[in-house]
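One structure is given here, and the rest of the page talks about it.
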Amino acid sequence: MSTYIGFNLNSNRQVEHFQIIDKNYGINSDGGKFFFRQAELALKGSYIPKEEVYCMPYEGTIQPKDIERFIKDAIRDGALLYTTHFPLRDIAFVHENTSSYSNRGIDSIQKMLQKAKDDPQLKRQLNAYRTFHQEKEKDIYNRVITAINTNQGVLMFSDTGRGIQYAQKYLQHIGDNFFSPVYKDAEKLQMYYFSTSNINLIKEASKCPNMFEHGPKKIFLPGKAHFLDSAMIANYTPAMECSMVPSLECYNQLVEKLNLDKSQKNYNIGILDRICKTGQIGNLKDDSRFNHKNSFVSLDERIRMSYVGRQDDTLLKNALERTIKDTAKRILQTDYTVRGYEPPKQEKKKSRGITM
């Protein structure tokens, strides 16, 4: 039984997206779900871009690089002409004019598009729909660019459904790596929204898919990111900004403000950072989220529940609190990669020459 893949090609015949199609109910039904999902995503943007969406059998191994290579080979060999495909705008037209309770398979798309060829009124509606989104795409003066600025520079995203999705994926990447040394000099994360007639900036925003893998997860690829100089947005006022100070409080504020998923790793880092700075572990004994409580609970109990804790500013109490701080610092340096807690560089010992 063949595996099927679905994929989108943009107007330059470049891969925008691909995924394996699970055939739980047959390729007509599950392939149709894939096509309609592409339309649903596209309709979450300012316009539907000129893309072609395909569904074709695939016999290779299920590896993203193999699949993308297969698609590119199919483009080069002209094999796409003989596989099931529709313009994204046509799929969206069918989606908007089809009840959610009706059949939403591949055949339902084929039937409505065939009907549009025979029915003059439906044909006019389809042509008007195509023209509407084509004109919206060409209306560069009303394109809205999302610009996200950090210490690394500015990345730009288009206002298509997928462009907005990529911007959210990039923000999630920043959140997941909030404590990373990559953001060592970052003070703030800033977001801007602006329209421009600068065709170069519009083209830059339209290239945002190049910074992500094209499979379903849309993982951000830092090595492919083209950061622009922050000076270019110096005259704009940010629509939103978040502190990038490496603390648990700032991290929590950022993920809540941007509606991001929280990271267990960052929770551990934030708590360890707080312990390292204060020497106090707080009420962590029953905290199931903190993975390192066993490294501190015994020392904390010794301080709180013995004579040591009843005496302020003694050498013994200070020594135990310093051990708590040092333990947190050691874990941050050895178990994680955290800005401000980079392990000290080992100096190479100079070899002594042999004297005779």
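By order of appearance in the structure tokens: chains A, B, ..., then residues from 1 within every chain, and ligands from 1 in the order shown.
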
At a cut-off of 12 Å, can you tabulate as a tab-separated table every residue of stretch 33-67 of chain A near stretch 73-78 of chain A together with its closest atom pair and the distance in Å to one decimal, using only C-alpha atoms and ordering rows by chain then number?
residue	atom	partner	partner_atom	distance
A:Tyr54	CA	A:Ala74	CA	11.3
A:Met56	CA	A:Ala74	CA	10.2
A:Pro57	CA	A:Ala74	CA	11.4
A:Tyr58	CA	A:Ala74	CA	10.8
A:Asp66	CA	A:Asp73	CA	10.4
A:Ile67	CA	A:Asp73	CA	9.8

What does the file look like for those residues with C-alpha atoms, as a tab-separated table (two decimals), in the first residue's frame?
chain	number	residue	atom	x	y	z
A	54	TYR	CA	-0.64	18.38	-4.31
A	56	MET	CA	0.69	12.04	-4.55
A	57	PRO	CA	1.89	8.52	-3.68
A	58	TYR	CA	5.34	8.11	-2.20
A	66	ASP	CA	14.06	12.27	1.48
A	67	ILE	CA	10.52	13.61	1.05

Write out as a PyMOL selection string all residues of stretch 100-300 of chain A that backbone DSSP assigns to helix (DSSP H, G or I). chain A and resi 106-118+120-138+140-142+161-176+181-183+199-206+208-211+222-224+230-233+248-258+264-278+293-295+297-300

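Between atom CA of A:Gln190 and atom CA of A:Val338 lies a distance of 21.6 Å.
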
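Of the residues under consideration (A:Cys208, A:Ala225, A:Lys123, A:Phe220), A:Ala225 shows the shortest atom-to-atom contact distance to A:Gly153 when counting only C-alpha atoms.
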
Work out how far apart atom CA of A:Arg13 and atom CA of A:Cys55 are and give it in Å to one decimal. 15.3 Å

Quick one: residues within 10 Å of A:Arg330, only C-alpha atoms counted, chain neighbours fewer than 5 positions away excluded, as a PyMOL selection string? chain A and resi 272+276+324-325+335-336+341+343

Write the residues of the selection above to a file with N, CA and C atoms, as a PDB file, in the first residue's frame.
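The result, written out as selection.pdb:
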ATOM      1  N   LEU A 272      16.474  27.508  39.702  1.00  0.00           N
ATOM      2  CA  LEU A 272      17.894  27.401  40.057  1.00  0.00           C
ATOM      3  C   LEU A 272      18.555  28.780  40.106  1.00  0.00           C
ATOM      4  N   CYS A 276      20.292  30.374  43.337  1.00  0.00           N
ATOM      5  CA  CYS A 276      21.689  30.807  43.262  1.00  0.00           C
ATOM      6  C   CYS A 276      21.856  32.248  43.743  1.00  0.00           C
ATOM      7  N   ILE A 324      24.277  26.016  49.202  1.00  0.00           N
ATOM      8  CA  ILE A 324      23.047  25.972  48.402  1.00  0.00           C
ATOM      9  C   ILE A 324      23.235  26.776  47.114  1.00  0.00           C
ATOM     10  N   LYS A 325      23.794  27.986  47.243  1.00  0.00           N
ATOM     11  CA  LYS A 325      24.034  28.818  46.062  1.00  0.00           C
ATOM     12  C   LYS A 325      24.999  28.134  45.097  1.00  0.00           C
ATOM     13  N   ASP A 335      24.331  21.084  33.807  1.00  0.00           N
ATOM     14  CA  ASP A 335      23.143  20.437  33.247  1.00  0.00           C
ATOM     15  C   ASP A 335      22.456  21.262  32.167  1.00  0.00           C
ATOM     16  N   TYR A 336      22.776  22.544  32.095  1.00  0.00           N
ATOM     17  CA  TYR A 336      22.102  23.441  31.161  1.00  0.00           C
ATOM     18  C   TYR A 336      23.125  24.360  30.496  1.00  0.00           C
ATOM     19  N   TYR A 341      25.775  31.980  33.266  1.00  0.00           N
ATOM     20  CA  TYR A 341      26.316  30.838  34.010  1.00  0.00           C
ATOM     21  C   TYR A 341      27.193  29.971  33.106  1.00  0.00           C
ATOM     22  N   PRO A 343      30.241  27.999  31.941  1.00  0.00           N
ATOM     23  CA  PRO A 343      31.330  27.388  32.720  1.00  0.00           C
ATOM     24  C   PRO A 343      32.632  28.145  32.503  1.00  0.00           C
TER      25      PRO A 343
END

For the interface of stretch 88-152 of chain A with stretch 42-48 of chain A (cut-off 7 Å, counting only C-alpha atoms), please tabulate each contacting residue of stretch 88-152 of chain A alongside its nearest pair of atoms and their separation in Å to one decimal, rows sorted by chain and increasing number, as a tab-separated table.
residue	atom	partner	partner_atom	distance
A:Arg89	CA	A:Ile48	CA	6.2
A:His133	CA	A:Tyr47	CA	5.6
A:Lys136	CA	A:Tyr47	CA	6.1
A:Glu137	CA	A:Tyr47	CA	6.4

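Rounded to one decimal, atom CA of A:Thr146 and atom CA of A:Ser158 lie 6.6 Å from each other.
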
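When only C-alpha atoms are used to measure the gap to A:Thr196, the shortest distance among A:Ile269, A:Asn142, A:His226, A:Asn149 belongs to A:Asn142.
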
A:Phe18 environment, 6 Å, only C-alpha atoms, sequence neighbours closer than 6 positions dropped, as a list in words: Gly6, Phe7 and Gly215 of chain A

Mind checking which residues fall within 8 Å of stretch 279-290 of chain A, counting only C-alpha atoms, ignoring those fewer than 3 positions away in the same chain, and posting them as JSON, numbers by chain? {"A": [264, 267, 268, 271, 274, 275, 276, 293, 296, 297, 300, 321, 322, 324, 325]}

Atoms to include: N, CA and C atoms. Write the selected residues as a PDB file, in the first residue's frame.
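The resulting file, out_14.pdb, is shown below:
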ATOM      1  N   GLN A 264       9.280  23.208  30.665  1.00  0.00           N
ATOM      2  CA  GLN A 264       9.717  22.620  31.925  1.00  0.00           C
ATOM      3  C   GLN A 264      11.189  22.941  32.181  1.00  0.00           C
ATOM      4  N   TYR A 267      11.549  26.397  33.504  1.00  0.00           N
ATOM      5  CA  TYR A 267      11.101  26.481  34.902  1.00  0.00           C
ATOM      6  C   TYR A 267      12.233  26.052  35.834  1.00  0.00           C
ATOM      7  N   ASN A 268      12.884  24.938  35.499  1.00  0.00           N
ATOM      8  CA  ASN A 268      14.012  24.474  36.316  1.00  0.00           C
ATOM      9  C   ASN A 268      15.123  25.513  36.365  1.00  0.00           C
ATOM     10  N   ILE A 271      14.123  28.561  38.572  1.00  0.00           N
ATOM     11  CA  ILE A 271      14.178  28.268  40.006  1.00  0.00           C
ATOM     12  C   ILE A 271      15.634  28.180  40.470  1.00  0.00           C
ATOM     13  N   ARG A 274      17.085  31.578  40.806  1.00  0.00           N
ATOM     14  CA  ARG A 274      16.589  32.263  42.004  1.00  0.00           C
ATOM     15  C   ARG A 274      17.323  31.738  43.250  1.00  0.00           C
ATOM     16  N   ILE A 275      17.516  30.426  43.330  1.00  0.00           N
ATOM     17  CA  ILE A 275      18.226  29.841  44.466  1.00  0.00           C
ATOM     18  C   ILE A 275      19.666  30.330  44.506  1.00  0.00           C
ATOM     19  N   CYS A 276      20.292  30.374  43.337  1.00  0.00           N
ATOM     20  CA  CYS A 276      21.689  30.807  43.262  1.00  0.00           C
ATOM     21  C   CYS A 276      21.856  32.248  43.743  1.00  0.00           C
ATOM     22  N   LYS A 293      14.967  19.239  43.325  1.00  0.00           N
ATOM     23  CA  LYS A 293      14.727  19.548  44.735  1.00  0.00           C
ATOM     24  C   LYS A 293      15.541  18.651  45.672  1.00  0.00           C
ATOM     25  N   PHE A 296      18.652  20.016  47.276  1.00  0.00           N
ATOM     26  CA  PHE A 296      18.594  21.135  48.210  1.00  0.00           C
ATOM     27  C   PHE A 296      17.803  20.861  49.481  1.00  0.00           C
ATOM     28  N   VAL A 297      16.859  19.938  49.423  1.00  0.00           N
ATOM     29  CA  VAL A 297      15.923  19.775  50.542  1.00  0.00           C
ATOM     30  C   VAL A 297      16.643  19.450  51.852  1.00  0.00           C
ATOM     31  N   ASP A 300      18.334  22.529  53.241  1.00  0.00           N
ATOM     32  CA  ASP A 300      17.324  23.492  53.669  1.00  0.00           C
ATOM     33  C   ASP A 300      16.707  23.070  54.998  1.00  0.00           C
ATOM     34  N   GLU A 321      24.242  28.211  53.447  1.00  0.00           N
ATOM     35  CA  GLU A 321      23.541  28.956  52.397  1.00  0.00           C
ATOM     36  C   GLU A 321      24.437  29.148  51.176  1.00  0.00           C
ATOM     37  N   ARG A 322      25.722  29.331  51.423  1.00  0.00           N
ATOM     38  CA  ARG A 322      26.659  29.455  50.299  1.00  0.00           C
ATOM     39  C   ARG A 322      26.746  28.129  49.531  1.00  0.00           C
ATOM     40  N   ILE A 324      24.277  26.016  49.202  1.00  0.00           N
ATOM     41  CA  ILE A 324      23.047  25.972  48.402  1.00  0.00           C
ATOM     42  C   ILE A 324      23.235  26.776  47.114  1.00  0.00           C
ATOM     43  N   LYS A 325      23.794  27.986  47.243  1.00  0.00           N
ATOM     44  CA  LYS A 325      24.034  28.818  46.062  1.00  0.00           C
ATOM     45  C   LYS A 325      24.999  28.134  45.097  1.00  0.00           C
TER      46      LYS A 325
END

Using only C-alpha atoms, which residues sit within 10 Å of A:Thr3 once same-chain residues fewer than 2 positions away are excluded, as a CSV table (one decimal) with N, CA and C atoms, in the first residue's frame?
chain,number,residue,atom,x,y,z
A,1,MET,N,0.8,-1.2,0.0
A,1,MET,CA,0.0,0.0,0.0
A,1,MET,C,0.9,1.2,0.0
A,5,ILE,N,1.8,11.7,0.3
A,5,ILE,CA,2.3,12.9,0.9
A,5,ILE,C,1.5,14.1,0.3
A,20,ILE,N,3.0,13.8,5.7
A,20,ILE,CA,2.5,12.5,5.4
A,20,ILE,C,1.0,12.5,5.6
A,21,ILE,N,0.2,11.9,4.7
A,21,ILE,CA,-1.2,11.8,4.8
A,21,ILE,C,-1.6,10.5,5.4
A,22,ASP,N,-2.2,10.5,6.6
A,22,ASP,CA,-2.6,9.2,7.2
A,22,ASP,C,-3.9,8.8,6.5
A,23,LYS,N,-4.0,7.5,6.1
A,23,LYS,CA,-5.1,7.0,5.3
A,23,LYS,C,-6.0,6.2,6.2
A,27,ILE,N,-7.8,7.5,0.9
A,27,ILE,CA,-7.1,8.7,0.4
A,27,ILE,C,-8.1,9.8,-0.1
A,56,MET,N,0.2,13.1,-3.7
A,56,MET,CA,0.7,12.0,-4.5
A,56,MET,C,1.3,10.9,-3.8
A,57,PRO,N,1.3,9.7,-4.4
A,57,PRO,CA,1.9,8.5,-3.7
A,57,PRO,C,3.4,8.6,-3.5
A,58,TYR,N,3.9,8.0,-2.5
A,58,TYR,CA,5.3,8.1,-2.2
A,58,TYR,C,5.8,6.8,-1.7
A,59,GLU,N,6.9,6.2,-2.3
A,59,GLU,CA,7.4,4.9,-2.0
A,59,GLU,C,8.6,4.9,-1.1
A,60,GLY,N,9.2,6.0,-0.9
A,60,GLY,CA,10.5,6.1,-0.2
A,60,GLY,C,10.4,6.0,1.3
A,61,THR,N,11.5,6.1,2.0
A,61,THR,CA,11.6,6.1,3.5
A,61,THR,C,11.0,7.4,4.0
A,62,ILE,N,10.4,7.3,5.2
A,62,ILE,CA,9.7,8.5,5.8
A,62,ILE,C,10.8,9.4,6.5

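With distances restricted to only C-alpha atoms, A:Asp326 is the closest residue to A:Asp273 from A:Asp326, A:Glu96, A:Glu135, A:Asp229.
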
Set the distance at 12 Å and use only C-alpha atoms: which residues neighbour A:Phe178 once local chain neighbours fewer than 2 positions away are removed? I'd like the list as a VMD selection string. chain A and resid 150 170 to 176 180 to 189 242 to 255 260 262 to 263 265 to 267 269 to 270 337 to 339

List every residue of stretch 62-306 of chain A that DSSP, applied to the backbone, labels as strand (DSSP E or B), and write the result as a PyMOL selection string. chain A and resi 84-87+144-150+153-157+188-195+212+220+228+240-243

Would you write out those residues with C-alpha atoms, as a PDB file, in the first residue's frame?
ATOM      1  CA  THR A  84      -3.918  15.223  -7.932  1.00  0.00           C
ATOM      2  CA  HIS A  85      -3.520  18.949  -7.415  1.00  0.00           C
ATOM      3  CA  PHE A  86      -5.553  22.146  -7.107  1.00  0.00           C
ATOM      4  CA  PRO A  87      -4.809  25.857  -6.786  1.00  0.00           C
ATOM      5  CA  VAL A 144       1.265  44.375   6.850  1.00  0.00           C
ATOM      6  CA  ILE A 145       4.696  43.141   7.902  1.00  0.00           C
ATOM      7  CA  THR A 146       5.390  41.726  11.341  1.00  0.00           C
ATOM      8  CA  ALA A 147       8.922  42.562  12.525  1.00  0.00           C
ATOM      9  CA  ILE A 148      10.407  40.873  15.593  1.00  0.00           C
ATOM     10  CA  ASN A 149      13.525  42.448  17.082  1.00  0.00           C
ATOM     11  CA  THR A 150      16.021  40.971  19.559  1.00  0.00           C
ATOM     12  CA  GLY A 153      18.537  41.721  14.792  1.00  0.00           C
ATOM     13  CA  VAL A 154      15.179  41.879  13.020  1.00  0.00           C
ATOM     14  CA  LEU A 155      13.254  39.092  11.321  1.00  0.00           C
ATOM     15  CA  MET A 156      10.246  39.882   9.130  1.00  0.00           C
ATOM     16  CA  PHE A 157       7.101  37.904   8.453  1.00  0.00           C
ATOM     17  CA  LYS A 188      13.955  43.393  25.236  1.00  0.00           C
ATOM     18  CA  LEU A 189      11.968  41.547  22.628  1.00  0.00           C
ATOM     19  CA  GLN A 190      10.045  44.014  20.467  1.00  0.00           C
ATOM     20  CA  MET A 191       7.291  43.447  17.903  1.00  0.00           C
ATOM     21  CA  TYR A 192       6.329  45.884  15.178  1.00  0.00           C
ATOM     22  CA  TYR A 193       3.529  45.933  12.619  1.00  0.00           C
ATOM     23  CA  PHE A 194       3.834  48.249   9.656  1.00  0.00           C
ATOM     24  CA  SER A 195       2.916  48.731   6.017  1.00  0.00           C
ATOM     25  CA  PHE A 212      11.817  26.915   8.930  1.00  0.00           C
ATOM     26  CA  PHE A 220      12.880  27.335  13.289  1.00  0.00           C
ATOM     27  CA  LEU A 228      18.391  42.635   9.484  1.00  0.00           C
ATOM     28  CA  MET A 240       4.535  45.270  22.049  1.00  0.00           C
ATOM     29  CA  GLU A 241       7.699  44.611  24.001  1.00  0.00           C
ATOM     30  CA  CYS A 242       8.802  42.155  26.672  1.00  0.00           C
ATOM     31  CA  SER A 243      11.794  42.174  28.980  1.00  0.00           C
TER      32      SER A 243
END

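The closest residue to A:Asn8, picked from A:Gln38, A:Gln152, A:Asn259, A:Asn28 and counting only C-alpha atoms, is A:Gln38.
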
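Residue nearest A:Gln168 within the list A:Arg130, A:Lys33, A:Lys218, A:Lys207: A:Lys218 [criterion: smallest interatomic distance, only C-alpha atoms].
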